[in-house]
file coords33.cif (mmCIF, C-alpha atoms)
data_data
loop_
_atom_site.group_PDB
_atom_site.id
_atom_site.type_symbol
_atom_site.label_atom_id
_atom_site.label_comp_id
_atom_site.auth_asym_id
_atom_site.auth_seq_id
_atom_site.Cartn_x
_atom_site.Cartn_y
_atom_site.Cartn_z
ATOM 1 C CA MET L 26 61.466 114.406 93.716
ATOM 2 C CA ASP L 27 61.245 112.502 90.442
ATOM 3 C CA THR L 28 64.816 111.678 89.420
ATOM 4 C CA GLU L 29 63.736 111.012 85.821
ATOM 5 C CA ALA L 30 62.371 114.551 85.686
ATOM 6 C CA LEU L 31 65.757 115.759 86.952
ATOM 7 C CA ARG L 32 67.502 113.701 84.263
ATOM 8 C CA SER L 33 65.249 115.247 81.579
ATOM 9 C CA PHE L 34 65.984 118.730 82.899
ATOM 10 C CA VAL L 35 69.768 118.168 82.907
ATOM 11 C CA LEU L 36 69.751 116.774 79.366
ATOM 12 C CA ALA L 37 67.587 119.618 78.055
ATOM 13 C CA ALA L 38 69.934 122.142 79.712
ATOM 14 C CA ASP L 39 73.006 120.470 78.208
ATOM 15 C CA LEU L 40 71.561 119.986 74.717
ATOM 16 C CA GLY L 41 69.533 123.189 74.472
ATOM 17 C CA GLN L 42 66.480 121.521 72.916
ATOM 18 C CA LEU L 43 63.689 119.402 74.360
ATOM 19 C CA GLN L 44 63.625 117.242 71.208
ATOM 20 C CA HIS L 45 67.305 116.367 71.578
ATOM 21 C CA ALA L 46 66.755 115.440 75.214
ATOM 22 C CA ALA L 47 63.766 113.334 74.176
ATOM 23 C CA ASP L 48 65.868 111.523 71.574
ATOM 24 C CA GLU L 49 68.517 110.716 74.207
ATOM 25 C CA LEU L 50 65.858 109.363 76.577
ATOM 26 C CA ASP L 51 63.912 107.556 73.844
ATOM 27 C CA LEU L 52 60.794 109.577 74.689
ATOM 28 C CA THR L 53 58.531 111.990 72.863
ATOM 29 C CA GLN L 54 59.155 115.700 73.156
ATOM 30 C CA GLN L 55 55.746 116.037 74.816
ATOM 31 C CA ALA L 56 56.747 113.550 77.531
ATOM 32 C CA VAL L 57 59.946 115.473 78.305
ATOM 33 C CA SER L 58 58.027 118.748 78.338
ATOM 34 C CA LYS L 59 55.526 117.296 80.829
ATOM 35 C CA ARG L 60 58.318 116.073 83.108
ATOM 36 C CA ILE L 61 59.964 119.476 83.181
ATOM 37 C CA ALA L 62 56.614 121.249 83.688
ATOM 38 C CA ALA L 63 55.900 118.981 86.679
ATOM 39 C CA LEU L 64 59.344 119.796 88.091
ATOM 40 C CA GLU L 65 58.715 123.522 87.674
ATOM 41 C CA ARG L 66 55.372 123.189 89.503
ATOM 42 C CA GLU L 67 57.036 121.317 92.358
ATOM 43 C CA LEU L 68 59.756 123.973 92.680
ATOM 44 C CA ASP L 69 57.361 126.855 91.930
ATOM 45 C CA VAL L 70 59.896 128.441 89.555
ATOM 46 C CA ARG L 71 60.513 128.664 85.808
ATOM 47 C CA LEU L 72 63.584 126.654 84.791
ATOM 48 C CA PHE L 73 63.590 127.422 81.066
ATOM 49 C CA THR L 74 62.520 130.115 78.672
ATOM 50 C CA ARG L 75 61.554 129.023 75.159
ATOM 51 C CA THR L 76 63.394 130.607 72.231
ATOM 52 C CA ALA L 77 63.342 130.141 68.478
ATOM 53 C CA ARG L 78 66.521 128.019 68.819
ATOM 54 C CA GLY L 79 65.270 125.826 71.669
ATOM 55 C CA VAL L 80 65.364 126.417 75.417
ATOM 56 C CA GLU L 81 67.568 128.557 77.652
ATOM 57 C CA LEU L 82 68.004 128.356 81.402
ATOM 58 C CA THR L 83 66.466 131.057 83.561
ATOM 59 C CA LEU L 84 68.451 132.384 86.521
ATOM 60 C CA ASP L 85 66.610 129.874 88.724
ATOM 61 C CA GLY L 86 67.431 127.149 86.217
ATOM 62 C CA GLN L 87 71.118 128.092 86.299
ATOM 63 C CA ALA L 88 71.129 127.947 90.087
ATOM 64 C CA PHE L 89 69.315 124.595 90.117
ATOM 65 C CA LEU L 90 71.377 122.835 87.408
ATOM 66 C CA PRO L 91 74.546 121.870 89.354
ATOM 67 C CA HIS L 92 72.473 120.390 92.192
ATOM 68 C CA ALA L 93 70.245 118.474 89.787
ATOM 69 C CA ARG L 94 73.316 117.175 87.972
ATOM 70 C CA ALA L 95 74.812 115.976 91.277
ATOM 71 C CA VAL L 96 71.609 114.071 92.102
ATOM 72 C CA VAL L 97 71.525 112.409 88.666
ATOM 73 C CA THR L 98 75.204 111.442 88.971
ATOM 74 C CA GLY L 99 74.563 110.018 92.439
ATOM 75 C CA VAL L 100 71.682 107.908 91.147
ATOM 76 C CA GLU L 101 73.851 106.567 88.315
ATOM 77 C CA ARG L 102 76.608 105.643 90.762
ATOM 78 C CA ALA L 103 74.098 103.932 93.055
ATOM 79 C CA ILE L 104 72.815 101.831 90.152
ATOM 80 C CA SER L 105 76.363 100.998 89.057
ATOM 81 C CA ALA L 106 77.200 99.819 92.580
ATOM 82 C CA VAL L 107 74.649 97.014 92.325
ATOM 83 C CA ARG L 108 74.999 96.414 88.592
ATOM 84 C CA PRO L 109 78.787 96.514 88.152
ATOM 85 C CA GLY L 110 78.696 94.754 84.792
ATOM 86 C CA SER L 111 76.643 97.531 83.219
ATOM 87 C CA ARG L 112 79.629 99.885 82.881
ATOM 88 C CA ALA L 113 83.367 99.930 82.281
ATOM 89 C CA LEU L 114 85.666 98.483 84.944
ATOM 90 C CA ARG L 115 86.884 101.459 86.992
ATOM 91 C CA ILE L 116 90.362 101.002 88.530
ATOM 92 C CA ASP L 117 92.413 103.568 90.438
ATOM 93 C CA VAL L 118 96.181 103.815 89.832
ATOM 94 C CA LEU L 119 98.813 105.997 91.455
ATOM 95 C CA GLY L 120 99.554 107.770 88.180
ATOM 96 C CA LEU L 121 99.310 107.175 84.442
ATOM 97 C CA ARG L 122 103.079 106.533 84.218
ATOM 98 C CA SER L 123 103.131 104.333 87.302
ATOM 99 C CA ALA L 124 103.871 100.608 87.351
ATOM 100 C CA GLN L 125 100.161 99.954 88.026
ATOM 101 C CA ALA L 126 99.159 101.731 84.815
ATOM 102 C CA VAL L 127 101.884 99.901 82.871
ATOM 103 C CA VAL L 128 100.602 96.510 84.068
ATOM 104 C CA LEU L 129 96.994 97.451 83.262
ATOM 105 C CA HIS L 130 98.005 98.627 79.800
ATOM 106 C CA ASP L 131 99.844 95.362 79.140
ATOM 107 C CA TYR L 132 96.714 93.452 80.163
ATOM 108 C CA TRP L 133 94.466 95.611 77.971
ATOM 109 C CA ARG L 134 96.735 95.148 74.938
ATOM 110 C CA SER L 135 96.243 91.389 75.208
ATOM 111 C CA HIS L 136 92.511 91.786 75.998
ATOM 112 C CA PRO L 137 91.479 94.807 73.867
ATOM 113 C CA GLY L 138 87.774 94.080 74.293
ATOM 114 C CA THR L 139 87.944 94.882 78.008
ATOM 115 C CA GLU L 140 86.202 98.166 78.863
ATOM 116 C CA LEU L 141 88.536 99.925 81.290
ATOM 117 C CA ASP L 142 88.162 103.269 83.021
ATOM 118 C CA VAL L 143 91.577 104.075 84.526
ATOM 119 C CA VAL L 144 91.395 106.874 87.112
ATOM 120 C CA THR L 145 93.669 108.464 89.721
ATOM 121 C CA LEU L 146 92.463 109.595 93.128
ATOM 122 C CA ARG L 147 93.479 113.133 93.944
ATOM 123 C CA VAL L 148 94.514 112.245 97.498
ATOM 124 C CA ASN L 149 97.172 109.773 98.613
ATOM 125 C CA ASP L 150 95.247 108.660 101.681
ATOM 126 C CA PRO L 151 94.506 104.909 101.534
ATOM 127 C CA ARG L 152 91.345 105.493 103.564
ATOM 128 C CA ALA L 153 89.901 107.421 100.616
ATOM 129 C CA ALA L 154 90.608 104.468 98.330
ATOM 130 C CA VAL L 155 88.997 102.036 100.780
ATOM 131 C CA ALA L 156 85.900 104.237 101.043
ATOM 132 C CA ALA L 157 85.642 104.525 97.243
ATOM 133 C CA VAL L 158 85.847 100.743 96.792
ATOM 134 C CA GLU L 159 83.368 100.152 99.613
ATOM 135 C CA SER L 160 80.851 102.609 98.133
ATOM 136 C CA GLY L 161 81.180 101.206 94.595
ATOM 137 C CA GLU L 162 82.678 104.405 93.194
ATOM 138 C CA LEU L 163 85.760 102.324 92.342
ATOM 139 C CA ASP L 164 85.824 98.654 91.359
ATOM 140 C CA ALA L 165 89.418 98.318 92.547
ATOM 141 C CA SER L 166 92.352 100.458 93.633
ATOM 142 C CA PHE L 167 96.094 99.817 93.437
ATOM 143 C CA ARG L 168 96.652 101.115 96.959
ATOM 144 C CA ALA L 169 97.704 99.446 100.192
ATOM 145 C CA VAL L 170 96.468 99.605 103.764
ATOM 146 C CA THR L 171 99.462 98.828 105.941
ATOM 147 C CA ASP L 172 97.218 97.880 108.875
ATOM 148 C CA ARG L 173 95.126 95.070 107.427
ATOM 149 C CA GLY L 174 93.041 94.909 110.592
ATOM 150 C CA SER L 175 91.559 98.325 109.815
ATOM 151 C CA LEU L 176 89.975 97.154 106.555
ATOM 152 C CA PRO L 177 86.163 96.971 106.610
ATOM 153 C CA ARG L 178 84.639 93.589 105.865
ATOM 154 C CA ALA L 179 83.364 94.824 102.513
ATOM 155 C CA VAL L 180 86.911 95.410 101.215
ATOM 156 C CA ARG L 181 89.834 93.006 100.923
ATOM 157 C CA MET L 182 93.452 93.524 99.881
ATOM 158 C CA ILE L 183 95.543 91.159 97.774
ATOM 159 C CA HIS L 184 99.137 91.215 96.552
ATOM 160 C CA ALA L 185 99.189 92.442 92.936
ATOM 161 C CA PHE L 186 102.861 92.357 91.918
ATOM 162 C CA ASP L 187 106.373 93.219 93.069
ATOM 163 C CA SER L 188 107.969 96.517 92.123
ATOM 164 C CA PRO L 189 111.762 96.408 92.732
ATOM 165 C CA ALA L 190 113.373 99.778 93.414
ATOM 166 C CA GLU L 191 116.042 101.385 91.250
ATOM 167 C CA LEU L 192 118.236 104.374 92.005
ATOM 168 C CA LEU L 193 117.813 107.307 89.610
ATOM 169 C CA VAL L 194 120.805 109.680 89.417
ATOM 170 C CA GLY L 195 122.322 112.283 87.143
ATOM 171 C CA PRO L 196 125.689 111.941 85.352
ATOM 172 C CA ARG L 197 127.595 113.901 88.016
ATOM 173 C CA HIS L 198 126.501 111.703 90.920
ATOM 174 C CA PRO L 199 129.317 109.539 92.424
ATOM 175 C CA LEU L 200 127.258 106.370 91.817
ATOM 176 C CA ALA L 201 126.400 107.213 88.194
ATOM 177 C CA SER L 202 128.935 104.804 86.672
ATOM 178 C CA VAL L 203 127.907 101.800 88.811
ATOM 179 C CA ARG L 204 125.894 99.067 87.069
ATOM 180 C CA LYS L 205 124.386 97.530 90.210
ATOM 181 C CA LEU L 206 124.112 98.678 93.813
ATOM 182 C CA THR L 207 123.504 97.089 97.176
ATOM 183 C CA PRO L 208 121.611 98.915 99.938
ATOM 184 C CA GLU L 209 124.937 99.335 101.731
ATOM 185 C CA HIS L 210 126.196 101.470 98.836
ATOM 186 C CA LEU L 211 123.309 103.878 99.431
ATOM 187 C CA ARG L 212 124.260 104.729 103.015
ATOM 188 C CA GLY L 213 125.301 108.322 103.430
ATOM 189 C CA HIS L 214 123.855 109.415 100.101
ATOM 190 C CA ARG L 215 120.927 111.822 99.982
ATOM 191 C CA ILE L 216 117.879 110.044 98.559
ATOM 192 C CA TRP L 217 115.354 112.764 97.851
ATOM 193 C CA VAL L 218 111.676 111.764 97.748
ATOM 194 C CA PRO L 219 109.731 115.038 98.060
ATOM 195 C CA GLY L 220 106.095 115.241 99.055
ATOM 196 C CA ILE L 221 105.651 111.934 100.907
ATOM 197 C CA ALA L 222 102.052 112.110 102.129
ATOM 198 C CA PRO L 223 101.579 111.461 105.867
ATOM 199 C CA ARG L 224 99.695 108.222 106.701
ATOM 200 C CA SER L 225 100.221 106.963 103.157
ATOM 201 C CA GLU L 226 101.635 103.547 102.359
ATOM 202 C CA TRP L 227 104.701 105.305 100.919
ATOM 203 C CA SER L 228 105.364 107.038 104.219
ATOM 204 C CA GLU L 229 105.338 103.678 106.030
ATOM 205 C CA PHE L 230 107.502 102.073 103.327
ATOM 206 C CA TYR L 231 110.234 104.697 103.576
ATOM 207 C CA ASP L 232 110.139 104.668 107.396
ATOM 208 C CA GLN L 233 110.718 100.911 107.411
ATOM 209 C CA LEU L 234 113.352 101.145 104.672
ATOM 210 C CA THR L 235 115.283 103.805 106.583
ATOM 211 C CA THR L 236 115.244 101.717 109.758
ATOM 212 C CA ALA L 237 116.245 98.483 108.011
ATOM 213 C CA PHE L 238 119.229 99.846 106.066
ATOM 214 C CA ASP L 239 120.164 103.096 107.846
ATOM 215 C CA LEU L 240 119.438 105.171 104.750
ATOM 216 C CA ARG L 241 119.089 108.921 104.417
ATOM 217 C CA ILE L 242 115.620 109.542 102.966
ATOM 218 C CA ASP L 243 114.939 113.267 102.507
ATOM 219 C CA ALA L 244 111.254 114.141 102.078
ATOM 220 C CA ALA L 245 111.730 117.907 102.363
ATOM 221 C CA GLY L 246 109.865 120.240 100.043
ATOM 222 C CA PRO L 247 106.713 119.960 97.933
ATOM 223 C CA ASN L 248 106.449 117.580 94.991
ATOM 224 C CA PHE L 249 106.510 119.699 91.808
ATOM 225 C CA GLY L 250 106.300 116.649 89.554
ATOM 226 C CA ASN L 251 108.668 114.257 87.836
ATOM 227 C CA GLU L 252 109.936 116.791 85.300
ATOM 228 C CA VAL L 253 111.223 119.172 87.980
ATOM 229 C CA LEU L 254 112.742 116.303 89.963
ATOM 230 C CA GLN L 255 114.547 115.055 86.850
ATOM 231 C CA ASP L 256 115.869 118.555 86.097
ATOM 232 C CA ILE L 257 117.358 118.711 89.598
ATOM 233 C CA LEU L 258 118.899 115.229 89.347
ATOM 234 C CA ALA L 259 120.508 116.099 86.001
ATOM 235 C CA GLU L 260 122.317 119.074 87.537
ATOM 236 C CA SER L 261 123.150 117.624 90.961
ATOM 237 C CA ALA L 262 126.273 115.839 92.153
ATOM 238 C CA ASP L 263 124.738 114.577 95.383
ATOM 239 C CA VAL L 264 120.976 114.062 94.952
ATOM 240 C CA ALA L 265 119.411 110.724 93.983
ATOM 241 C CA THR L 266 115.907 109.270 94.160
ATOM 242 C CA LEU L 267 114.236 105.859 94.122
ATOM 243 C CA VAL L 268 111.904 104.748 91.332
ATOM 244 C CA GLY L 269 110.046 101.528 90.564
ATOM 245 C CA ALA L 270 111.523 99.233 87.951
ATOM 246 C CA ARG L 271 108.245 99.238 85.970
ATOM 247 C CA ASP L 272 107.555 102.977 86.334
ATOM 248 C CA ARG L 273 107.796 104.996 83.117
ATOM 249 C CA TYR L 274 109.926 108.115 83.156
ATOM 250 C CA LEU L 275 110.793 110.343 80.213
ATOM 251 C CA TRP L 276 113.514 112.989 80.200
ATOM 252 C CA PRO L 277 115.532 114.945 77.620
ATOM 253 C CA ALA L 278 118.549 113.076 76.255
ATOM 254 C CA SER L 279 120.787 115.890 77.516
ATOM 255 C CA HIS L 280 119.884 114.963 81.122
ATOM 256 C CA ASP L 281 121.744 111.635 80.771
ATOM 257 C CA LEU L 282 120.014 110.179 83.839
ATOM 258 C CA ARG L 283 120.895 106.638 84.965
ATOM 259 C CA ARG L 284 118.558 103.957 86.408
ATOM 260 C CA ILE L 285 120.606 101.578 88.538
ATOM 261 C CA PRO L 286 119.175 98.285 89.901
ATOM 262 C CA ILE L 287 119.523 97.576 93.609
ATOM 263 C CA VAL L 288 120.422 93.999 94.559
ATOM 264 C CA GLU L 289 121.576 91.795 97.460
ATOM 265 C CA PRO L 290 118.827 92.283 98.519
ATOM 266 C CA GLN L 291 116.425 93.861 96.074
ATOM 267 C CA LEU L 292 114.312 96.566 97.719
ATOM 268 C CA VAL L 293 110.819 95.497 96.754
ATOM 269 C CA TYR L 294 107.703 97.614 96.973
ATOM 270 C CA PRO L 295 104.693 95.266 97.117
ATOM 271 C CA ILE L 296 101.942 96.713 94.937
ATOM 272 C CA SER L 297 98.565 95.778 96.433
ATOM 273 C CA LEU L 298 95.027 95.803 95.079
ATOM 274 C CA LEU L 299 91.945 96.787 97.072
ATOM 275 C CA LEU L 300 88.728 95.185 95.811
ATOM 276 C CA PRO L 301 85.227 94.356 97.080
ATOM 277 C CA SER L 302 84.880 91.259 99.237
ATOM 278 C CA GLU L 303 81.596 90.426 97.497
ATOM 279 C CA ASN L 304 79.920 91.170 94.144
ATOM 280 C CA PRO L 305 83.015 92.455 92.290
ATOM 281 C CA HIS L 306 82.786 93.726 88.722
ATOM 282 C CA PRO L 307 82.571 90.708 86.354
ATOM 283 C CA SER L 308 85.711 91.809 84.463
ATOM 284 C CA LEU L 309 87.844 92.083 87.586
ATOM 285 C CA ALA L 310 88.462 88.348 88.028
ATOM 286 C CA ALA L 311 90.404 88.108 84.762
ATOM 287 C CA ILE L 312 92.694 90.966 85.807
ATOM 288 C CA VAL L 313 93.294 89.355 89.217
ATOM 289 C CA ASP L 314 94.187 86.121 87.424
ATOM 290 C CA HIS L 315 96.593 88.060 85.186
ATOM 291 C CA LEU L 316 98.285 89.622 88.212
ATOM 292 C CA GLY L 317 98.831 86.127 89.577
ATOM 293 C CA THR L 318 100.963 85.270 86.535
ATOM 294 C CA LEU L 319 103.423 88.143 87.082
ATOM 295 C CA PRO L 320 106.780 86.924 88.456
ATOM 296 C CA ARG L 321 107.857 87.731 91.996
ATOM 297 C CA ALA L 322 111.142 89.568 92.533
ATOM 298 C CA ALA L 323 114.187 87.310 92.699
ATOM 299 C CA GLU L 324 115.549 86.510 96.134
ATOM 300 C CA PRO L 325 117.156 87.803 98.227
ATOM 301 C CA ALA L 326 114.568 90.560 98.525
ATOM 302 C CA TRP L 327 113.518 92.941 101.279
ATOM 303 C CA ARG L 328 109.830 93.807 101.629
ATOM 304 C CA PRO L 329 107.943 95.946 104.175
ATOM 305 C CA SER L 330 105.993 94.325 106.995
ATOM 306 C CA TRP L 331 102.546 94.415 105.323
ATOM 307 C CA SER L 332 103.673 92.503 102.232
ATOM 308 C CA GLY L 333 101.446 89.478 101.645
#

call {"tool": "encode", "arguments": {"input": "coords33.cif", "output": "structure tokens"}}
result
Amino acid sequence: MDTEALRSFVLAADLGQLQHAADELDLTQQAVSKRIAALERELDVRLFTRTARGVELTLDGQAFLPHARAVVTGVERAISAVRPGSRALRIDVLGLRSAQAVVLHDYWRSHPGTELDVVTLRVNDPRAAVAAVESGELDASFRAVTDRGSLPRAVRMIHAFDSPAELLVGPRHPLASVRKLTPEHLRGHRIWVPGIAPRSEWSEFYDQLTTAFDLRIDAAGPNFGNEVLQDILAESADVATLVGARDRYLWPASHDLRRIPIVEPQLVYPISLLLPSENPHPSLAAIVDHLGTLPRAAEPAWRPSWSG
């Protein structure tokens, strides 16, 4: 099936006029009309009815549109995979308030001409991130694969930057007045981190952290978002959580939450970057160079086993 005919059909459906579709494609209206007529002959259905205002989809056209759109999108992604410089640099971050997004924003502010497409995968499975980088859907992903041996040859993982942990507590918590903490101070306290996804890098991090320092990490319950977690911390006298030093959190002033650094040693989460082994996006090298200038956490520091 002629993918350019599909593209013409999708544009005409979206814009409602053959002339507008022709303008987008830099073609004549007659050329677009011929493409769509050929598509209708191949399918043996009518896709449009002509009206005084333009064109409207028939029932067959409505049924066909989402599938045609998916094909056109797939073709565009396939082209982008082999011509990475022809589009914006697409990087996956854990969340738009995460340390990864903060670092990317700092880079973009000093390089405003960089075309960036910052996205967030809906699943916290590192295998999904690896697959997206391998297929070219993503140019890079701030995710980690704790078993480096499982990475396909087409994808490599590098250390991006250190993210030291801080304790976040409400004003009634017994540690709220402390300026700095050691891991030993955390023993016996409930550290609530709801919604840790199985097989995720975070699951492995907290398992290793618990074993290393005999901590009480509670992952019970679904994750209803940062706002709900902060509401609970503000009211609780015994619940705390861990956050990254670069992560952005906003809460009402009445919550009076406290972020307390952890030292001797610092508990460091190593943020990693997944990227193609070959033919990366031309703009990615500058970001990798920028990551190399970010300071490592001061020693002594504890890191999980996969830290590079």

call {"tool": "residues_around", "arguments": {"input": "coords33.cif", "residues": "L:Met26", "least_positions_apart": "5", "cutoff": "9 Å", "atoms": "all atoms listed in the file", "output": "list of chain:residue names"}}
result
L:Leu31, L:Leu64, L:Glu67

call {"tool": "resolve_selection", "arguments": {"input": "coords33.cif", "expression": "the PyMOL selection byres ((chain L and resi 73) around 8)", "output": "PyMOL selection string"}}
result
chain L and resi 71-72+74-75+80-83+86

call {"tool": "resolve_selection", "arguments": {"input": "coords33.cif", "expression": "the PyMOL selection byres ((chain L and resi 87-99) around 9)", "output": "JSON, numbers by chain"}}
result
{"L": [28, 29, 31, 32, 34, 35, 38, 72, 82, 83, 84, 85, 86, 100, 101, 102, 103, 104]}

call {"tool": "residues_around", "arguments": {"input": "coords33.cif", "residues": "L:Ala262", "least_positions_apart": "4", "cutoff": "12 Å", "atoms": "only C-alpha atoms", "output": "list in words"}}
result
Val194, Gly195, Pro196, Arg197, His198, Pro199, Leu200, Ala201, His214, Arg215, Ile257, Leu258 and Leu282 of chain L

call {"tool": "axis_aligned_box", "arguments": {"input": "coords33.cif", "around": "stretch 307-317 of chain L", "padding_each_side": "8 Å", "output": "lines of an AutoDock Vina configuration file"}}
result
center_x = 90.7
center_y = 89.1
center_z = 87.0
size_x = 32.3
size_y = 22.0
size_z = 21.1

call {"tool": "decode", "arguments": {"input": "coords33.cif", "residues": "stretch 280-291 of chain L", "atoms": "N, CA and C atoms", "output": "PDB file, in the first residue's frame"}}
result
ATOM      1  N   HIS L 280       2.546  22.968  55.400  1.00  0.00           N
ATOM      2  CA  HIS L 280       3.036  21.607  55.637  1.00  0.00           C
ATOM      3  C   HIS L 280       4.333  21.605  56.452  1.00  0.00           C
ATOM      4  N   ASP L 281       5.163  22.617  56.255  1.00  0.00           N
ATOM      5  CA  ASP L 281       6.423  22.761  57.003  1.00  0.00           C
ATOM      6  C   ASP L 281       7.278  21.487  56.929  1.00  0.00           C
ATOM      7  N   LEU L 282       7.387  20.920  55.726  1.00  0.00           N
ATOM      8  CA  LEU L 282       8.204  19.715  55.563  1.00  0.00           C
ATOM      9  C   LEU L 282       9.695  20.066  55.619  1.00  0.00           C
ATOM     10  N   ARG L 283      10.515  19.093  56.017  1.00  0.00           N
ATOM     11  CA  ARG L 283      11.954  19.303  56.153  1.00  0.00           C
ATOM     12  C   ARG L 283      12.710  18.297  55.280  1.00  0.00           C
ATOM     13  N   ARG L 284      13.699  18.789  54.504  1.00  0.00           N
ATOM     14  CA  ARG L 284      14.600  17.932  53.734  1.00  0.00           C
ATOM     15  C   ARG L 284      15.922  17.886  54.479  1.00  0.00           C
ATOM     16  N   ILE L 285      16.321  16.690  54.904  1.00  0.00           N
ATOM     17  CA  ILE L 285      17.498  16.551  55.757  1.00  0.00           C
ATOM     18  C   ILE L 285      18.556  15.725  55.026  1.00  0.00           C
ATOM     19  N   PRO L 286      19.746  16.263  54.798  1.00  0.00           N
ATOM     20  CA  PRO L 286      20.818  15.499  54.140  1.00  0.00           C
ATOM     21  C   PRO L 286      21.247  14.304  54.970  1.00  0.00           C
ATOM     22  N   ILE L 287      21.672  13.258  54.277  1.00  0.00           N
ATOM     23  CA  ILE L 287      22.181  12.049  54.925  1.00  0.00           C
ATOM     24  C   ILE L 287      23.675  11.957  54.626  1.00  0.00           C
ATOM     25  N   VAL L 288      24.478  11.795  55.661  1.00  0.00           N
ATOM     26  CA  VAL L 288      25.939  11.818  55.502  1.00  0.00           C
ATOM     27  C   VAL L 288      26.577  10.646  56.260  1.00  0.00           C
ATOM     28  N   GLU L 289      27.888  10.489  56.032  1.00  0.00           N
ATOM     29  CA  GLU L 289      28.708   9.514  56.778  1.00  0.00           C
ATOM     30  C   GLU L 289      28.144   8.091  56.769  1.00  0.00           C
ATOM     31  N   PRO L 290      27.903   7.455  55.644  1.00  0.00           N
ATOM     32  CA  PRO L 290      28.141   7.964  54.290  1.00  0.00           C
ATOM     33  C   PRO L 290      26.882   8.561  53.673  1.00  0.00           C
ATOM     34  N   GLN L 291      27.078   9.312  52.591  1.00  0.00           N
ATOM     35  CA  GLN L 291      25.941   9.718  51.776  1.00  0.00           C
ATOM     36  C   GLN L 291      25.356   8.482  51.100  1.00  0.00           C
TER      37      GLN L 291
END
